[in-house]
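This is start-v5.cif (mmCIF, N, CA and C atoms).
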data_model
loop_
_atom_site.label_atom_id
_atom_site.label_comp_id
_atom_site.auth_asym_id
_atom_site.auth_seq_id
_atom_site.Cartn_x
_atom_site.Cartn_y
_atom_site.Cartn_z
N MET A 860 25.20 13.50 -12.80
CA MET A 860 25.39 12.69 -11.62
C MET A 860 24.76 11.32 -11.89
N PRO A 861 25.54 10.25 -11.94
CA PRO A 861 24.98 8.94 -12.26
C PRO A 861 24.15 8.39 -11.10
N TYR A 862 23.19 7.60 -11.50
CA TYR A 862 22.30 6.97 -10.52
C TYR A 862 22.99 5.77 -9.88
N GLU A 863 23.01 5.72 -8.56
CA GLU A 863 23.55 4.57 -7.83
C GLU A 863 22.46 4.03 -6.93
N SER A 864 22.17 2.76 -7.07
CA SER A 864 21.12 2.18 -6.25
C SER A 864 21.62 1.97 -4.82
N ALA A 865 20.68 1.93 -3.92
CA ALA A 865 21.00 1.70 -2.51
C ALA A 865 21.44 0.25 -2.32
N PRO A 866 22.15 -0.04 -1.23
CA PRO A 866 22.54 -1.42 -0.96
C PRO A 866 21.31 -2.33 -0.84
N PHE A 867 21.52 -3.60 -1.15
CA PHE A 867 20.43 -4.57 -1.17
C PHE A 867 19.71 -4.65 0.17
N VAL A 868 20.45 -4.67 1.25
CA VAL A 868 19.84 -4.81 2.58
C VAL A 868 18.94 -3.60 2.88
N ARG A 869 19.35 -2.42 2.48
CA ARG A 869 18.54 -1.22 2.72
C ARG A 869 17.26 -1.26 1.89
N ARG A 870 17.37 -1.70 0.64
CA ARG A 870 16.16 -1.80 -0.20
C ARG A 870 15.22 -2.87 0.33
N LEU A 871 15.77 -4.00 0.78
CA LEU A 871 14.95 -5.06 1.35
C LEU A 871 14.25 -4.60 2.62
N ALA A 872 14.97 -3.90 3.47
CA ALA A 872 14.37 -3.38 4.71
C ALA A 872 13.25 -2.39 4.39
N ALA A 873 13.45 -1.56 3.38
CA ALA A 873 12.42 -0.60 2.99
C ALA A 873 11.17 -1.31 2.48
N ARG A 874 11.34 -2.35 1.68
CA ARG A 874 10.19 -3.11 1.16
C ARG A 874 9.47 -3.84 2.28
N LEU A 875 10.21 -4.39 3.24
CA LEU A 875 9.58 -5.07 4.37
C LEU A 875 8.81 -4.09 5.25
N LEU A 876 9.37 -2.91 5.43
CA LEU A 876 8.68 -1.87 6.19
C LEU A 876 7.42 -1.42 5.47
N ASP A 877 7.49 -1.29 4.16
CA ASP A 877 6.30 -0.96 3.37
C ASP A 877 5.23 -2.03 3.53
N LEU A 878 5.64 -3.28 3.51
CA LEU A 878 4.69 -4.39 3.66
C LEU A 878 4.01 -4.34 5.03
N VAL A 879 4.78 -4.10 6.07
CA VAL A 879 4.21 -4.05 7.43
C VAL A 879 3.19 -2.91 7.54
N PHE A 880 3.56 -1.73 7.06
CA PHE A 880 2.63 -0.60 7.12
C PHE A 880 1.40 -0.83 6.25
N CYS A 881 1.60 -1.48 5.12
CA CYS A 881 0.47 -1.76 4.24
C CYS A 881 -0.50 -2.74 4.89
N LEU A 882 0.03 -3.73 5.58
CA LEU A 882 -0.84 -4.68 6.27
C LEU A 882 -1.59 -4.00 7.42
N LEU A 883 -0.92 -3.09 8.12
CA LEU A 883 -1.61 -2.34 9.18
C LEU A 883 -2.71 -1.46 8.60
N LEU A 884 -2.42 -0.79 7.49
CA LEU A 884 -3.43 0.05 6.85
C LEU A 884 -4.60 -0.78 6.34
N THR A 885 -4.33 -2.02 5.96
CA THR A 885 -5.40 -2.90 5.47
C THR A 885 -6.48 -3.08 6.53
N PHE A 886 -6.09 -3.21 7.78
CA PHE A 886 -7.08 -3.37 8.84
C PHE A 886 -7.89 -2.10 9.05
N PHE A 887 -7.28 -0.93 8.87
CA PHE A 887 -8.03 0.32 8.98
C PHE A 887 -8.99 0.50 7.82
N VAL A 888 -8.58 0.06 6.64
CA VAL A 888 -9.44 0.17 5.45
C VAL A 888 -10.58 -0.85 5.53
N ALA A 889 -10.36 -1.94 6.24
CA ALA A 889 -11.37 -3.00 6.33
C ALA A 889 -12.63 -2.54 7.04
N ILE A 890 -12.53 -1.53 7.88
CA ILE A 890 -13.72 -1.06 8.61
C ILE A 890 -14.75 -0.46 7.65
N PRO A 891 -14.39 0.56 6.84
CA PRO A 891 -15.42 1.08 5.91
C PRO A 891 -15.81 0.08 4.82
N VAL A 892 -14.87 -0.73 4.37
CA VAL A 892 -15.21 -1.75 3.36
C VAL A 892 -16.15 -2.79 3.97
N GLY A 893 -15.92 -3.14 5.22
CA GLY A 893 -16.81 -4.09 5.89
C GLY A 893 -18.22 -3.56 6.04
N ILE A 894 -18.33 -2.27 6.30
CA ILE A 894 -19.67 -1.66 6.40
C ILE A 894 -20.38 -1.73 5.06
N LEU A 895 -19.64 -1.48 3.98
CA LEU A 895 -20.25 -1.57 2.65
C LEU A 895 -20.49 -3.02 2.23
N LEU A 896 -19.80 -3.94 2.84
CA LEU A 896 -19.90 -5.35 2.47
C LEU A 896 -21.14 -6.02 3.06
N VAL A 897 -21.68 -5.49 4.14
CA VAL A 897 -22.83 -6.11 4.80
C VAL A 897 -24.03 -6.26 3.86
N PRO A 898 -24.46 -5.21 3.14
CA PRO A 898 -25.61 -5.41 2.23
C PRO A 898 -25.31 -6.40 1.10
N VAL A 899 -24.06 -6.42 0.65
CA VAL A 899 -23.70 -7.34 -0.43
C VAL A 899 -23.81 -8.79 0.04
N THR A 900 -23.32 -9.07 1.24
CA THR A 900 -23.38 -10.44 1.74
C THR A 900 -24.81 -10.87 2.07
N LEU A 901 -25.65 -9.91 2.41
CA LEU A 901 -27.05 -10.25 2.68
C LEU A 901 -27.80 -10.61 1.41
N LEU A 902 -27.36 -10.08 0.28
CA LEU A 902 -28.03 -10.34 -0.99
C LEU A 902 -27.51 -11.58 -1.71
N THR A 903 -26.45 -12.18 -1.23
CA THR A 903 -25.87 -13.33 -1.92
C THR A 903 -26.13 -14.61 -1.13
N THR A 904 -25.90 -15.72 -1.81
CA THR A 904 -26.09 -17.02 -1.15
C THR A 904 -24.81 -17.38 -0.38
N GLU A 905 -24.92 -18.40 0.45
CA GLU A 905 -23.77 -18.83 1.24
C GLU A 905 -22.67 -19.45 0.38
N ALA A 906 -23.03 -19.92 -0.78
CA ALA A 906 -22.04 -20.55 -1.66
C ALA A 906 -21.01 -19.53 -2.16
N HIS A 907 -21.43 -18.30 -2.34
CA HIS A 907 -20.53 -17.25 -2.87
C HIS A 907 -19.96 -16.35 -1.78
N GLU A 908 -20.31 -16.60 -0.55
CA GLU A 908 -19.89 -15.74 0.55
C GLU A 908 -18.37 -15.72 0.73
N ALA A 909 -17.71 -16.86 0.62
CA ALA A 909 -16.26 -16.91 0.78
C ALA A 909 -15.55 -16.15 -0.33
N VAL A 910 -16.09 -16.23 -1.54
CA VAL A 910 -15.49 -15.49 -2.66
C VAL A 910 -15.61 -13.99 -2.43
N ILE A 911 -16.74 -13.55 -1.94
CA ILE A 911 -16.94 -12.12 -1.69
C ILE A 911 -15.99 -11.62 -0.61
N TYR A 912 -15.81 -12.41 0.45
CA TYR A 912 -14.87 -12.01 1.51
C TYR A 912 -13.44 -11.98 1.00
N GLY A 913 -13.09 -12.91 0.15
CA GLY A 913 -11.75 -12.91 -0.43
C GLY A 913 -11.50 -11.69 -1.31
N ILE A 914 -12.47 -11.36 -2.13
CA ILE A 914 -12.35 -10.16 -2.99
C ILE A 914 -12.27 -8.90 -2.13
N ALA A 915 -13.06 -8.85 -1.08
CA ALA A 915 -13.05 -7.67 -0.20
C ALA A 915 -11.70 -7.54 0.52
N ALA A 916 -11.11 -8.66 0.91
CA ALA A 916 -9.81 -8.60 1.58
C ALA A 916 -8.73 -8.09 0.62
N TRP A 917 -8.72 -8.60 -0.60
CA TRP A 917 -7.76 -8.11 -1.59
C TRP A 917 -8.00 -6.65 -1.94
N LEU A 918 -9.27 -6.23 -1.98
CA LEU A 918 -9.58 -4.83 -2.24
C LEU A 918 -9.03 -3.94 -1.13
N CYS A 919 -9.19 -4.37 0.12
CA CYS A 919 -8.65 -3.61 1.25
C CYS A 919 -7.13 -3.48 1.14
N TYR A 920 -6.46 -4.57 0.81
CA TYR A 920 -5.01 -4.54 0.68
C TYR A 920 -4.59 -3.63 -0.47
N PHE A 921 -5.29 -3.69 -1.59
CA PHE A 921 -4.98 -2.84 -2.74
C PHE A 921 -5.16 -1.36 -2.40
N ILE A 922 -6.25 -1.02 -1.75
CA ILE A 922 -6.49 0.38 -1.36
C ILE A 922 -5.41 0.85 -0.39
N ALA A 923 -5.03 0.00 0.55
CA ALA A 923 -3.98 0.37 1.50
C ALA A 923 -2.65 0.58 0.79
N TYR A 924 -2.32 -0.30 -0.16
CA TYR A 924 -1.05 -0.18 -0.87
C TYR A 924 -1.01 1.09 -1.72
N VAL A 925 -2.09 1.37 -2.44
CA VAL A 925 -2.13 2.58 -3.26
C VAL A 925 -2.08 3.82 -2.36
N GLY A 926 -2.78 3.78 -1.24
CA GLY A 926 -2.74 4.91 -0.32
C GLY A 926 -1.35 5.15 0.24
N LEU A 927 -0.65 4.09 0.57
CA LEU A 927 0.72 4.22 1.06
C LEU A 927 1.64 4.80 0.00
N GLU A 928 1.52 4.33 -1.24
CA GLU A 928 2.36 4.85 -2.32
C GLU A 928 2.06 6.32 -2.61
N VAL A 929 0.80 6.70 -2.58
CA VAL A 929 0.45 8.11 -2.79
C VAL A 929 1.04 8.97 -1.68
N PHE A 930 0.94 8.50 -0.44
CA PHE A 930 1.53 9.24 0.68
C PHE A 930 3.04 9.40 0.49
N LEU A 931 3.72 8.33 0.09
CA LEU A 931 5.17 8.41 -0.10
C LEU A 931 5.53 9.33 -1.26
N LEU A 932 4.74 9.32 -2.34
CA LEU A 932 5.01 10.23 -3.46
C LEU A 932 4.84 11.69 -3.05
N ILE A 933 3.82 11.96 -2.26
CA ILE A 933 3.60 13.34 -1.78
C ILE A 933 4.74 13.75 -0.87
N ARG A 934 5.15 12.85 0.00
CA ARG A 934 6.24 13.16 0.94
C ARG A 934 7.55 13.42 0.21
N ARG A 935 7.78 12.72 -0.89
CA ARG A 935 9.02 12.88 -1.65
C ARG A 935 8.91 13.92 -2.76
N ASP A 936 7.85 14.68 -2.79
CA ASP A 936 7.61 15.69 -3.82
C ASP A 936 7.58 15.09 -5.21
N GLY A 937 6.98 13.93 -5.37
CA GLY A 937 6.82 13.29 -6.66
C GLY A 937 8.00 12.47 -7.11
N GLN A 938 9.08 12.45 -6.36
CA GLN A 938 10.26 11.68 -6.75
C GLN A 938 10.03 10.21 -6.41
N THR A 939 10.25 9.34 -7.39
CA THR A 939 10.03 7.92 -7.14
C THR A 939 11.35 7.20 -6.90
N LEU A 940 12.28 7.27 -7.82
CA LEU A 940 13.56 6.58 -7.68
C LEU A 940 14.69 7.51 -8.09
N GLY A 941 15.88 7.18 -7.66
CA GLY A 941 17.06 7.92 -8.13
C GLY A 941 17.27 9.22 -7.41
N ASP A 942 18.18 10.02 -7.97
CA ASP A 942 18.48 11.31 -7.35
C ASP A 942 17.44 12.34 -7.77
N SER A 943 17.54 13.51 -7.19
CA SER A 943 16.51 14.53 -7.43
C SER A 943 16.77 15.33 -8.70
N ARG A 944 17.79 15.00 -9.47
CA ARG A 944 18.10 15.65 -10.74
C ARG A 944 18.21 17.18 -10.60
N GLY A 945 19.01 17.58 -9.63
CA GLY A 945 19.28 18.99 -9.46
C GLY A 945 18.35 19.71 -8.50
N LYS A 946 17.30 19.04 -8.05
CA LYS A 946 16.40 19.68 -7.09
C LYS A 946 17.03 19.67 -5.71
N THR A 947 16.68 20.65 -4.93
CA THR A 947 17.13 20.65 -3.55
C THR A 947 16.26 19.68 -2.77
N PRO A 948 16.86 18.83 -1.95
CA PRO A 948 16.04 17.87 -1.19
C PRO A 948 15.13 18.58 -0.21
N SER A 949 13.91 18.09 -0.10
CA SER A 949 12.98 18.68 0.83
C SER A 949 13.29 18.19 2.25
N PRO A 950 13.02 19.02 3.26
CA PRO A 950 13.29 18.58 4.63
C PRO A 950 12.36 17.44 5.01
N ALA A 951 12.91 16.44 5.64
CA ALA A 951 12.10 15.26 5.99
C ALA A 951 11.54 15.34 7.37
#

Please go through the file and, once you have read it, give me the structure as structure tokens.
Amino acid sequence: MPYESAPFVRRLAARLLDLVFCLLLTFFVAIPVGILLVPVTLLTTEAHEAVIYGIAAWLCYFIAYVGLEVFLLIRRDGQTLGDSRGKTPSPA
């Protein structure tokens, strides 16, 4: 069975939906990261404070993105792209 990609609009909508959920998850991840960030910001000078906040924001986004991808892989039974290669589809 040859692999056929989904239409462009469907793939774009899926990526935009992933982005929205990832940004929402970023705010939930920011709470524990913010708690861990307080001692770090107390130990640094004001000159480096903006850099630390920037790194923490990107870390939150990265954790949210990886968490979303892991969730989607578990939901799809490890299938990333294409057809299931003979597997029966799992109920969604």

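One finds atom N of Tyr920 of chain A at 17.9 Å from atom C of Val899 of chain A.
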
query = Contacts of Cys919 of chain A at 7 Å or less, counting only N, CA and C atoms, minus same-chain residues fewer than 2 places along, as a list in words?
reply = Leu884, Thr885, Phe886, Val888, Ala889, Ile914, Ala915, Ala916, Trp917, Phe921, Ile922, Ala923 and Tyr924 of chain A

Those of segment 870-946 of chain A in DSSP helix (DSSP H, G or I), formatted as a compact mmCIF listing (two decimals) with N, CA and C atoms, keeping the file's coordinate frame:
# COMPACT_ATOMS: atom_id res chain seq x y z
N ARG A 870 17.37 -1.70 0.64
CA ARG A 870 16.16 -1.80 -0.20
C ARG A 870 15.22 -2.87 0.33
N LEU A 871 15.77 -4.00 0.78
CA LEU A 871 14.95 -5.06 1.35
C LEU A 871 14.25 -4.60 2.62
N ALA A 872 14.97 -3.90 3.47
CA ALA A 872 14.37 -3.38 4.71
C ALA A 872 13.25 -2.39 4.39
N ALA A 873 13.45 -1.56 3.38
CA ALA A 873 12.42 -0.60 2.99
C ALA A 873 11.17 -1.31 2.48
N ARG A 874 11.34 -2.35 1.68
CA ARG A 874 10.19 -3.11 1.16
C ARG A 874 9.47 -3.84 2.28
N LEU A 875 10.21 -4.39 3.24
CA LEU A 875 9.58 -5.07 4.37
C LEU A 875 8.81 -4.09 5.25
N LEU A 876 9.37 -2.91 5.43
CA LEU A 876 8.68 -1.87 6.19
C LEU A 876 7.42 -1.42 5.47
N ASP A 877 7.49 -1.29 4.16
CA ASP A 877 6.30 -0.96 3.37
C ASP A 877 5.23 -2.03 3.53
N LEU A 878 5.64 -3.28 3.51
CA LEU A 878 4.69 -4.39 3.66
C LEU A 878 4.01 -4.34 5.03
N VAL A 879 4.78 -4.10 6.07
CA VAL A 879 4.21 -4.05 7.43
C VAL A 879 3.19 -2.91 7.54
N PHE A 880 3.56 -1.73 7.06
CA PHE A 880 2.63 -0.60 7.12
C PHE A 880 1.40 -0.83 6.25
N CYS A 881 1.60 -1.48 5.12
CA CYS A 881 0.47 -1.76 4.24
C CYS A 881 -0.50 -2.74 4.89
N LEU A 882 0.03 -3.73 5.58
CA LEU A 882 -0.84 -4.68 6.27
C LEU A 882 -1.59 -4.00 7.42
N LEU A 883 -0.92 -3.09 8.12
CA LEU A 883 -1.61 -2.34 9.18
C LEU A 883 -2.71 -1.46 8.60
N LEU A 884 -2.42 -0.79 7.49
CA LEU A 884 -3.43 0.05 6.85
C LEU A 884 -4.60 -0.78 6.34
N THR A 885 -4.33 -2.02 5.96
CA THR A 885 -5.40 -2.90 5.47
C THR A 885 -6.48 -3.08 6.53
N PHE A 886 -6.09 -3.21 7.78
CA PHE A 886 -7.08 -3.37 8.84
C PHE A 886 -7.89 -2.10 9.05
N PHE A 887 -7.28 -0.93 8.87
CA PHE A 887 -8.03 0.32 8.98
C PHE A 887 -8.99 0.50 7.82
N VAL A 888 -8.58 0.06 6.64
CA VAL A 888 -9.44 0.17 5.45
C VAL A 888 -10.58 -0.85 5.53
N ALA A 889 -10.36 -1.94 6.24
CA ALA A 889 -11.37 -3.00 6.33
C ALA A 889 -12.63 -2.54 7.04
N ILE A 890 -12.53 -1.53 7.88
CA ILE A 890 -13.72 -1.06 8.61
C ILE A 890 -14.75 -0.46 7.65
N PRO A 891 -14.39 0.56 6.84
CA PRO A 891 -15.42 1.08 5.91
C PRO A 891 -15.81 0.08 4.82
N VAL A 892 -14.87 -0.73 4.37
CA VAL A 892 -15.21 -1.75 3.36
C VAL A 892 -16.15 -2.79 3.97
N GLY A 893 -15.92 -3.14 5.22
CA GLY A 893 -16.81 -4.09 5.89
C GLY A 893 -18.22 -3.56 6.04
N ILE A 894 -18.33 -2.27 6.30
CA ILE A 894 -19.67 -1.66 6.40
C ILE A 894 -20.38 -1.73 5.06
N LEU A 895 -19.64 -1.48 3.98
CA LEU A 895 -20.25 -1.57 2.65
C LEU A 895 -20.49 -3.02 2.23
N LEU A 896 -19.80 -3.94 2.84
CA LEU A 896 -19.90 -5.35 2.47
C LEU A 896 -21.14 -6.02 3.06
N VAL A 897 -21.68 -5.49 4.14
CA VAL A 897 -22.83 -6.11 4.80
C VAL A 897 -24.03 -6.26 3.86
N PRO A 898 -24.46 -5.21 3.14
CA PRO A 898 -25.61 -5.41 2.23
C PRO A 898 -25.31 -6.40 1.10
N VAL A 899 -24.06 -6.42 0.65
CA VAL A 899 -23.70 -7.34 -0.43
C VAL A 899 -23.81 -8.79 0.04
N THR A 900 -23.32 -9.07 1.24
CA THR A 900 -23.38 -10.44 1.74
C THR A 900 -24.81 -10.87 2.07
N LEU A 901 -25.65 -9.91 2.41
CA LEU A 901 -27.05 -10.25 2.68
C LEU A 901 -27.80 -10.61 1.41
N LEU A 902 -27.36 -10.08 0.28
CA LEU A 902 -28.03 -10.34 -0.99
C LEU A 902 -27.51 -11.58 -1.71
N GLU A 908 -20.31 -16.60 -0.55
CA GLU A 908 -19.89 -15.74 0.55
C GLU A 908 -18.37 -15.72 0.73
N ALA A 909 -17.71 -16.86 0.62
CA ALA A 909 -16.26 -16.91 0.78
C ALA A 909 -15.55 -16.15 -0.33
N VAL A 910 -16.09 -16.23 -1.54
CA VAL A 910 -15.49 -15.49 -2.66
C VAL A 910 -15.61 -13.99 -2.43
N ILE A 911 -16.74 -13.55 -1.94
CA ILE A 911 -16.94 -12.12 -1.69
C ILE A 911 -15.99 -11.62 -0.61
N TYR A 912 -15.81 -12.41 0.45
CA TYR A 912 -14.87 -12.01 1.51
C TYR A 912 -13.44 -11.98 1.00
N GLY A 913 -13.09 -12.91 0.15
CA GLY A 913 -11.75 -12.91 -0.43
C GLY A 913 -11.50 -11.69 -1.31
N ILE A 914 -12.47 -11.36 -2.13
CA ILE A 914 -12.35 -10.16 -2.99
C ILE A 914 -12.27 -8.90 -2.13
N ALA A 915 -13.06 -8.85 -1.08
CA ALA A 915 -13.05 -7.67 -0.20
C ALA A 915 -11.70 -7.54 0.52
N ALA A 916 -11.11 -8.66 0.91
CA ALA A 916 -9.81 -8.60 1.58
C ALA A 916 -8.73 -8.09 0.62
N TRP A 917 -8.72 -8.60 -0.60
CA TRP A 917 -7.76 -8.11 -1.59
C TRP A 917 -8.00 -6.65 -1.94
N LEU A 918 -9.27 -6.23 -1.98
CA LEU A 918 -9.58 -4.83 -2.24
C LEU A 918 -9.03 -3.94 -1.13
N CYS A 919 -9.19 -4.37 0.12
CA CYS A 919 -8.65 -3.61 1.25
C CYS A 919 -7.13 -3.48 1.14
N TYR A 920 -6.46 -4.57 0.81
CA TYR A 920 -5.01 -4.54 0.68
C TYR A 920 -4.59 -3.63 -0.47
N PHE A 921 -5.29 -3.69 -1.59
CA PHE A 921 -4.98 -2.84 -2.74
C PHE A 921 -5.16 -1.36 -2.40
N ILE A 922 -6.25 -1.02 -1.75
CA ILE A 922 -6.49 0.38 -1.36
C ILE A 922 -5.41 0.85 -0.39
N ALA A 923 -5.03 0.00 0.55
CA ALA A 923 -3.98 0.37 1.50
C ALA A 923 -2.65 0.58 0.79
N TYR A 924 -2.32 -0.30 -0.16
CA TYR A 924 -1.05 -0.18 -0.87
C TYR A 924 -1.01 1.09 -1.72
N VAL A 925 -2.09 1.37 -2.44
CA VAL A 925 -2.13 2.58 -3.26
C VAL A 925 -2.08 3.82 -2.36
N GLY A 926 -2.78 3.78 -1.24
CA GLY A 926 -2.74 4.91 -0.32
C GLY A 926 -1.35 5.15 0.24
N LEU A 927 -0.65 4.09 0.57
CA LEU A 927 0.72 4.22 1.06
C LEU A 927 1.64 4.80 0.00
N GLU A 928 1.52 4.33 -1.24
CA GLU A 928 2.36 4.85 -2.32
C GLU A 928 2.06 6.32 -2.61
N VAL A 929 0.80 6.70 -2.58
CA VAL A 929 0.45 8.11 -2.79
C VAL A 929 1.04 8.97 -1.68
N PHE A 930 0.94 8.50 -0.44
CA PHE A 930 1.53 9.24 0.68
C PHE A 930 3.04 9.40 0.49
N LEU A 931 3.72 8.33 0.09
CA LEU A 931 5.17 8.41 -0.10
C LEU A 931 5.53 9.33 -1.26
N LEU A 932 4.74 9.32 -2.34
CA LEU A 932 5.01 10.23 -3.46
C LEU A 932 4.84 11.69 -3.05
N ILE A 933 3.82 11.96 -2.26
CA ILE A 933 3.60 13.34 -1.78
C ILE A 933 4.74 13.75 -0.87
N ARG A 934 5.15 12.85 0.00
CA ARG A 934 6.24 13.16 0.94
C ARG A 934 7.55 13.42 0.21

Around segment 908-923 of chain A, fit a box with edges along x, y and z, padding it by 3 Å on each side, then list its centre and edge lengths in Å to one decimal as AutoDock Vina command-line options.
--center_x -11.5 --center_y -8.0 --center_z -0.7 --size_x 23.7 --size_y 23.8 --size_z 10.6

Pairwise distance for atom CA of Leu918 of chain A and atom CA of Val892 of chain A, rounded to one decimal in Å =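 A separation of 8.5 Å between them.
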